[in-house]
Amino acid sequence: MRAGTIVASNYLAMARVLGESFLEHHPDSTFCVLVVDDGPADLPESIGVVRLGDLDLAPADERMMRTVYDVMEFSTAVKPAFLRHLLAAGPQTEAACYLDPDIQVFASFDAQVDAALEHGIVLTPHVLAPVPRDGMRVDEETIMQSGMYNCGFLAVGPSAGPFLDWWDERLRFDALVDFGRARFTDQRWVDWVPSLFDFTIERDPGMNVAWWNIHDRPIDLAESGPIVQGVPLRFVHFSGYDPQQPGLLSKHQMPRPRTDHAIGTGIRTLADAYGARLIELGHVVSRRREYPWNRSHDGVELTTDLRRVVRDAALDEIDRLGEVRTVPDAFDPTSDFAAWVAARTGHRAAPASTTDSTTPGITRTAPKVVHGSKVVRGSDTRTTDTRDNTVGDEDERRNYDVEFEWTDAHGHAVRLLLDHCEPGVVVDLGCGYAPHAEVLRDAGFEFVGLDVDETSLQGLADRGFVARRADLGRPDQLEEIIAAGLADLGSRSDVVAVMALDVLEHLVEPELLLAMLSDWMRQFDTAVLVTSVPNVAHRDIAAKLLAGRWDVTQTGLLDHTHLRFFTDSSITEVMASAGFAEAMRNDRTAFRSDQRWPAGSPFTSPHTPLASTVAAIRDLADAHGDTYQLIRGYRVDAGPSAPTLMVADPSPAGVALTVIADPGLDADGLAALRVQLDAQTAADWELLAVERPVTGGAERILALDSLLAEVSGAYVAFVERGERVDPRWVEQFVAAMTVTVAGGALDADVSGRVLRCALEASDSGSEDPDAPVAVSPASAAFAFPTSAVRSLGGGFDGLAHPALRLRGELVPYCGETATDVAAVTASDATPEGDDGPADTARALDSSPVAAMLRSAAELPGVVEALHAEIDHLRAANMRLTEHRDRLVRDNEWLNSELAPVPVRVVRRVLRRNASPD
């Protein structure tokens, strides 16, 4: 078998994954890649490279096809010529097979392809069973628009010559994406095959598994390999998959996917591994490489509309003259293509800024065809890394005039509304071009857009939507303007949502807008406020700050028009101060942001030991290191509204030491502990305990979490069943946590180090009190900085000795101080299943940052191990991020279903200078 695929050079990573997986399961076959542009083709030697000049295409036809087609249309239009090339390169006894580049092979399909030797053509249908009519995607309309057969796989034999010639003729000018004219690239033409040519349909369910049929082809991950309906999974077609959006199998499934791409399913496991491999090969970066045939040699952008103008002119000359005579080649340096466009259309060329794909920071200016006052747009050409200060306001506005995508902020916000709101009126503040307006209308919502930009408002009105001018910096006028917009709409429906996407960061005083909305939205019982703000705590920005860089750019995380900056915690606090409670979230993640430059920086380049260490430290803070935009939905809370952007330093700790009693202590054990605490020589402590003892793992975890939330001490200590504390126990911890400054004066802060006292009965056995792996088998022997427990602690596992686990997690970051005071007597019994000292030693030894703190002699080996572990965990991080987001969205349901563990806080707070009893 001779197989191959077709790509532009920006998709070579996909082609490599396909080629390597194909050859793994077809070692006696050959595989090659047709690269349709002049870009590089750095592929393994086992994968051949074919260029357009190798095909039997007339040069004039090839040049015209590059002009009239975009990259997808052109790549499908040359498919017949490529298949002829594959057939001609082998003996007459071999079939040829085409595969789309976004495919990964998992088993052999020699027999299925060899059927082409008998029948000439082998096709695979999109589906093998009826699709339910339930409004979910995939649906019948999608299949009928795209064609019954998926040409991501197609096999032909030597007898398929007449079919390839017929297909080739039609694809010269009719491989369009034009659903209104029943065109979809090469695919709709193949619907004619059953009527015109000998063929066979391959119904093996393991062939061409994709988003459009995964609902009835679940994948089982057997030891022998993936299985579908009892047969081997032969290949998966990852159409529409984005490795930076691992929770979505395909963008084409939106807005209502038929299947849940859940963690643990066979398809999710395979997709995550596929995405990790693409990221490893640099696909996330290389896919942004500009397609060279998107712009003529003299700089005219070849938009879809302009390509159609050229096509119509060429077809007209073919009809009248039998050939193309006067339509110029857009890529011939001797032709004046821009002049021909101006003469043909009567429109001028306007400058358009684009980012040089090879030199970061260099901005090129090229003509863009303009029809009247409306820019004819192809793809979004936003500039993310530019130092060009000459861009005017119109260009800045155009950067935000983007197409709707389910994977961007608009798509994520719309997803929240579709999932959580009944149809009604949506008021969009700072709507701009509002590419999501049609999507909401199609879903049954009514739309009112408010913006300060007249051009955007006029465009919105021309599309049939209510549009009103509003300056969001004057919220005192906003209620009147919204009322006027609702009057224009004339709807009887209530307002169900207010949207403010990428708005708050542009306002001088966003808290004033939030205050107005908090008051105004109280009249609507179920209305939600959906906001989107960039996450300034993305790990790329954190890394660059450590490098001393704060790089403001044209757009992106540090857009030059941003006036306010938010993190996960700060946006939560700001919204809470305005009387809003979070009800839903659908954050947008990006493992690589627009701030990952300059190229080769050891702080941000993903495979340097420094960047891996910085990322690991950043991710200790919260789970939002790769969150690009914080997209949340809020409902007005019953509390008062006092909006502020200020975050005050919390009040000093109420006491020095909070003591958390073992949740399993019975009444007698708790009474004994109180007696021991009442006997302390220092009285700066508080005791927290549950109302009734708990024993189960889940109950224990909830109890410890509840108690930890109530801690007001600077430090926290845990006392387990059977442990006894000496009267000096609190005093020696207070002395060790106290910090002095020059002159012996007390500092307002505490040391921040983990504190460890000795045991009265036995110690750890180490002569060195600062030995890094000396572990006491008593929880009460340790005291931990409360802020460190809350920010760095990995949580509780339900076993006894939570302090021993915390010690293993915190010592690498906080360090440890031994008081050398024997103040604790350990319990005689170790709870069943708990190996505290050994677990702690292993936790301490396996911590990545702990390893970095070892001796300099060990550092090179440690760095190498850290590098490997970060690579291994990257794919897992994507899965966990999606899982985390799903859990957050289920939070409302969980709160209604789960009753909190009853906790009665028992406090006794005495001043440090009080006399001991």
# chains A, B, ... in the order shown; residues from 1 in each chain; ligands from 1
>>> select_by_dssp(residues="segment 443-511 of chain A", states="strand (DSSP E)", output="VMD selection string")
chain A and resid 446 to 451 466 to 469 495 to 501
>>> select_by_dssp(residues="segment 543-710 of chain A", states="alpha helix (DSSP H)", output="number ranges by chain")
A: 543-546, 568-577, 609-621, 667-678, 697-709
>>> residues_around(residues="Leu416 of chain A", least_positions_apart="5", cutoff="10 Å", atoms="only C-alpha atoms", output="JSON, numbers by chain")
{"A": [411, 421, 528, 530, 584, 585, 586, 631, 632, 633, 889]}
>>> write_last_selection(atoms="C-alpha atoms", output="short mmCIF file (atom, residue, chain, number, x, y, z; two decimals), in the first residue's frame")
data_model
loop_
_atom_site.label_atom_id
_atom_site.label_comp_id
_atom_site.auth_asym_id
_atom_site.auth_seq_id
_atom_site.Cartn_x
_atom_site.Cartn_y
_atom_site.Cartn_z
CA GLY A 411 -17.70 30.77 22.79
CA CYS A 421 -30.00 30.11 31.40
CA VAL A 528 -26.56 36.31 35.70
CA VAL A 530 -21.12 36.88 32.70
CA MET A 584 -20.69 29.10 37.16
CA ARG A 585 -17.38 29.20 35.34
CA ASN A 586 -15.93 28.15 32.00
CA ILE A 631 -14.80 33.48 32.33
CA ARG A 632 -17.36 33.40 35.12
CA GLY A 633 -21.07 33.78 35.72
CA ARG A 889 -19.46 23.73 37.57
#
>>> residues_around(residues="segment 75-82 of chain A", least_positions_apart="2", cutoff="9 Å", atoms="only C-alpha atoms", output="PyMOL selection string")
chain A and resi 4-8+34-36+50+52+54-57+62+65+69-73+84-87+98+163-165+167-168+170-176+185-187
>>> atom_distance(atom1="atom CA of Gly266 of chain A", atom2="atom CA of Val414 of chain A")
28.1 Å
>>> atom_distance(atom1="atom CA of Gly161 of chain A", atom2="atom CA of Phe74 of chain A")
20.9 Å
>>> residues_around(residues="Ala667 of chain A", least_positions_apart="2", cutoff="12 Å", atoms="only C-alpha atoms", output="PyMOL selection string")
chain A and resi 661-665+669-674+689-694+721
>>> closest_residue(among="A:Ser532, A:Ser827, A:Thr334, A:Ser159", to="Leu429 of chain A", atoms="only C-alpha atoms")
A:Ser532
>>> residues_around(residues="Gly180 of chain A", least_positions_apart="6", cutoff="12 Å", atoms="only C-alpha atoms", output="JSON, numbers by chain")
{"A": [144, 145, 146]}
>>> atom_distance(atom1="atom CA of Arg307 of chain A", atom2="atom CA of Asp442 of chain A")
29.0 Å
>>> residues_around(residues="Gly815 of chain A", least_positions_apart="5", cutoff="8 Å", atoms="only C-alpha atoms", output="PDB file with all heavy atoms, in the first residue's frame")
ATOM      1  N   ARG A 753       8.546  29.318  59.115  1.00  0.00           N
ATOM      2  CA  ARG A 753       9.154  28.005  59.022  1.00  0.00           C
ATOM      3  C   ARG A 753       8.313  26.974  59.771  1.00  0.00           C
ATOM      4  O   ARG A 753       7.574  27.300  60.701  1.00  0.00           O
ATOM      5  CB  ARG A 753      10.568  28.024  59.599  1.00  0.00           C
ATOM      6  CG  ARG A 753      11.531  28.893  58.805  1.00  0.00           C
ATOM      7  CD  ARG A 753      12.864  29.039  59.504  1.00  0.00           C
ATOM      8  NE  ARG A 753      13.590  27.797  59.622  1.00  0.00           N
ATOM      9  CZ  ARG A 753      14.373  27.271  58.676  1.00  0.00           C
ATOM     10  NH1 ARG A 753      14.526  27.903  57.521  1.00  0.00           N
ATOM     11  NH2 ARG A 753      15.023  26.140  58.880  1.00  0.00           N
ATOM     12  N   VAL A 754       8.403  25.711  59.331  1.00  0.00           N
ATOM     13  CA  VAL A 754       7.782  24.625  60.084  1.00  0.00           C
ATOM     14  C   VAL A 754       8.559  24.464  61.388  1.00  0.00           C
ATOM     15  O   VAL A 754       9.792  24.489  61.391  1.00  0.00           O
ATOM     16  CB  VAL A 754       7.806  23.318  59.266  1.00  0.00           C
ATOM     17  CG1 VAL A 754       7.299  22.143  60.108  1.00  0.00           C
ATOM     18  CG2 VAL A 754       6.964  23.464  58.001  1.00  0.00           C
ATOM     19  N   LEU A 810       5.435  20.743  53.139  1.00  0.00           N
ATOM     20  CA  LEU A 810       5.793  22.130  53.407  1.00  0.00           C
ATOM     21  C   LEU A 810       7.267  22.361  53.692  1.00  0.00           C
ATOM     22  O   LEU A 810       7.782  23.448  53.417  1.00  0.00           O
ATOM     23  CB  LEU A 810       4.966  22.649  54.589  1.00  0.00           C
ATOM     24  CG  LEU A 810       3.442  22.653  54.407  1.00  0.00           C
ATOM     25  CD1 LEU A 810       2.779  23.314  55.610  1.00  0.00           C
ATOM     26  CD2 LEU A 810       3.044  23.363  53.126  1.00  0.00           C
TER      27      LEU A 810
END
>>> decode(residues="segment 433-448 of chain A", atoms="N, CA, C and O atoms", output="CSV table (one decimal), in the first residue's frame")
chain,number,residue,atom,x,y,z
A,433,TYR,N,-18.1,44.2,18.1
A,433,TYR,CA,-18.7,43.6,16.9
A,433,TYR,C,-19.7,42.5,17.2
A,433,TYR,O,-20.6,42.2,16.5
A,434,ALA,N,-19.6,42.0,18.5
A,434,ALA,CA,-20.5,40.9,19.0
A,434,ALA,C,-20.7,39.8,18.0
A,434,ALA,O,-21.8,39.5,17.5
A,435,PRO,N,-19.6,39.0,17.8
A,435,PRO,CA,-19.7,37.9,16.9
A,435,PRO,C,-20.6,36.7,17.4
A,435,PRO,O,-21.0,35.9,16.6
A,436,HIS,N,-21.0,36.8,18.7
A,436,HIS,CA,-21.8,35.8,19.3
A,436,HIS,C,-23.3,36.1,19.2
A,436,HIS,O,-24.1,35.3,19.6
A,437,ALA,N,-23.7,37.3,18.7
A,437,ALA,CA,-25.1,37.7,18.7
A,437,ALA,C,-25.9,36.7,17.9
A,437,ALA,O,-27.0,36.4,18.4
A,438,GLU,N,-25.5,36.3,16.7
A,438,GLU,CA,-26.3,35.4,15.9
A,438,GLU,C,-26.4,34.0,16.6
A,438,GLU,O,-27.5,33.4,16.5
A,439,VAL,N,-25.4,33.6,17.3
A,439,VAL,CA,-25.4,32.3,18.0
A,439,VAL,C,-26.5,32.3,19.1
A,439,VAL,O,-27.3,31.4,19.2
A,440,LEU,N,-26.5,33.4,19.8
A,440,LEU,CA,-27.5,33.6,20.9
A,440,LEU,C,-28.9,33.6,20.3
A,440,LEU,O,-29.9,33.1,20.8
A,441,ARG,N,-29.1,34.4,19.2
A,441,ARG,CA,-30.4,34.5,18.6
A,441,ARG,C,-30.9,33.2,18.1
A,441,ARG,O,-32.0,32.8,18.3
A,442,ASP,N,-30.0,32.4,17.5
A,442,ASP,CA,-30.4,31.1,17.0
A,442,ASP,C,-30.8,30.1,18.1
A,442,ASP,O,-31.5,29.2,17.9
A,443,ALA,N,-30.2,30.4,19.3
A,443,ALA,CA,-30.6,29.6,20.5
A,443,ALA,C,-31.8,30.1,21.2
A,443,ALA,O,-32.2,29.5,22.3
A,444,GLY,N,-32.5,31.1,20.7
A,444,GLY,CA,-33.7,31.6,21.3
A,444,GLY,C,-33.6,32.8,22.2
A,444,GLY,O,-34.6,33.3,22.8
A,445,PHE,N,-32.4,33.4,22.3
A,445,PHE,CA,-32.2,34.6,23.1
A,445,PHE,C,-32.4,35.8,22.3
A,445,PHE,O,-32.3,35.8,21.1
A,446,GLU,N,-32.8,36.9,23.0
A,446,GLU,CA,-32.9,38.3,22.3
A,446,GLU,C,-31.7,39.1,22.8
A,446,GLU,O,-31.3,39.0,24.0
A,447,PHE,N,-31.2,39.9,21.9
A,447,PHE,CA,-29.9,40.6,22.1
A,447,PHE,C,-30.0,42.1,22.0
A,447,PHE,O,-30.6,42.6,21.1
A,448,VAL,N,-29.4,42.7,23.0
A,448,VAL,CA,-29.3,44.2,23.0
A,448,VAL,C,-27.8,44.5,23.3
A,448,VAL,O,-27.2,44.1,24.3
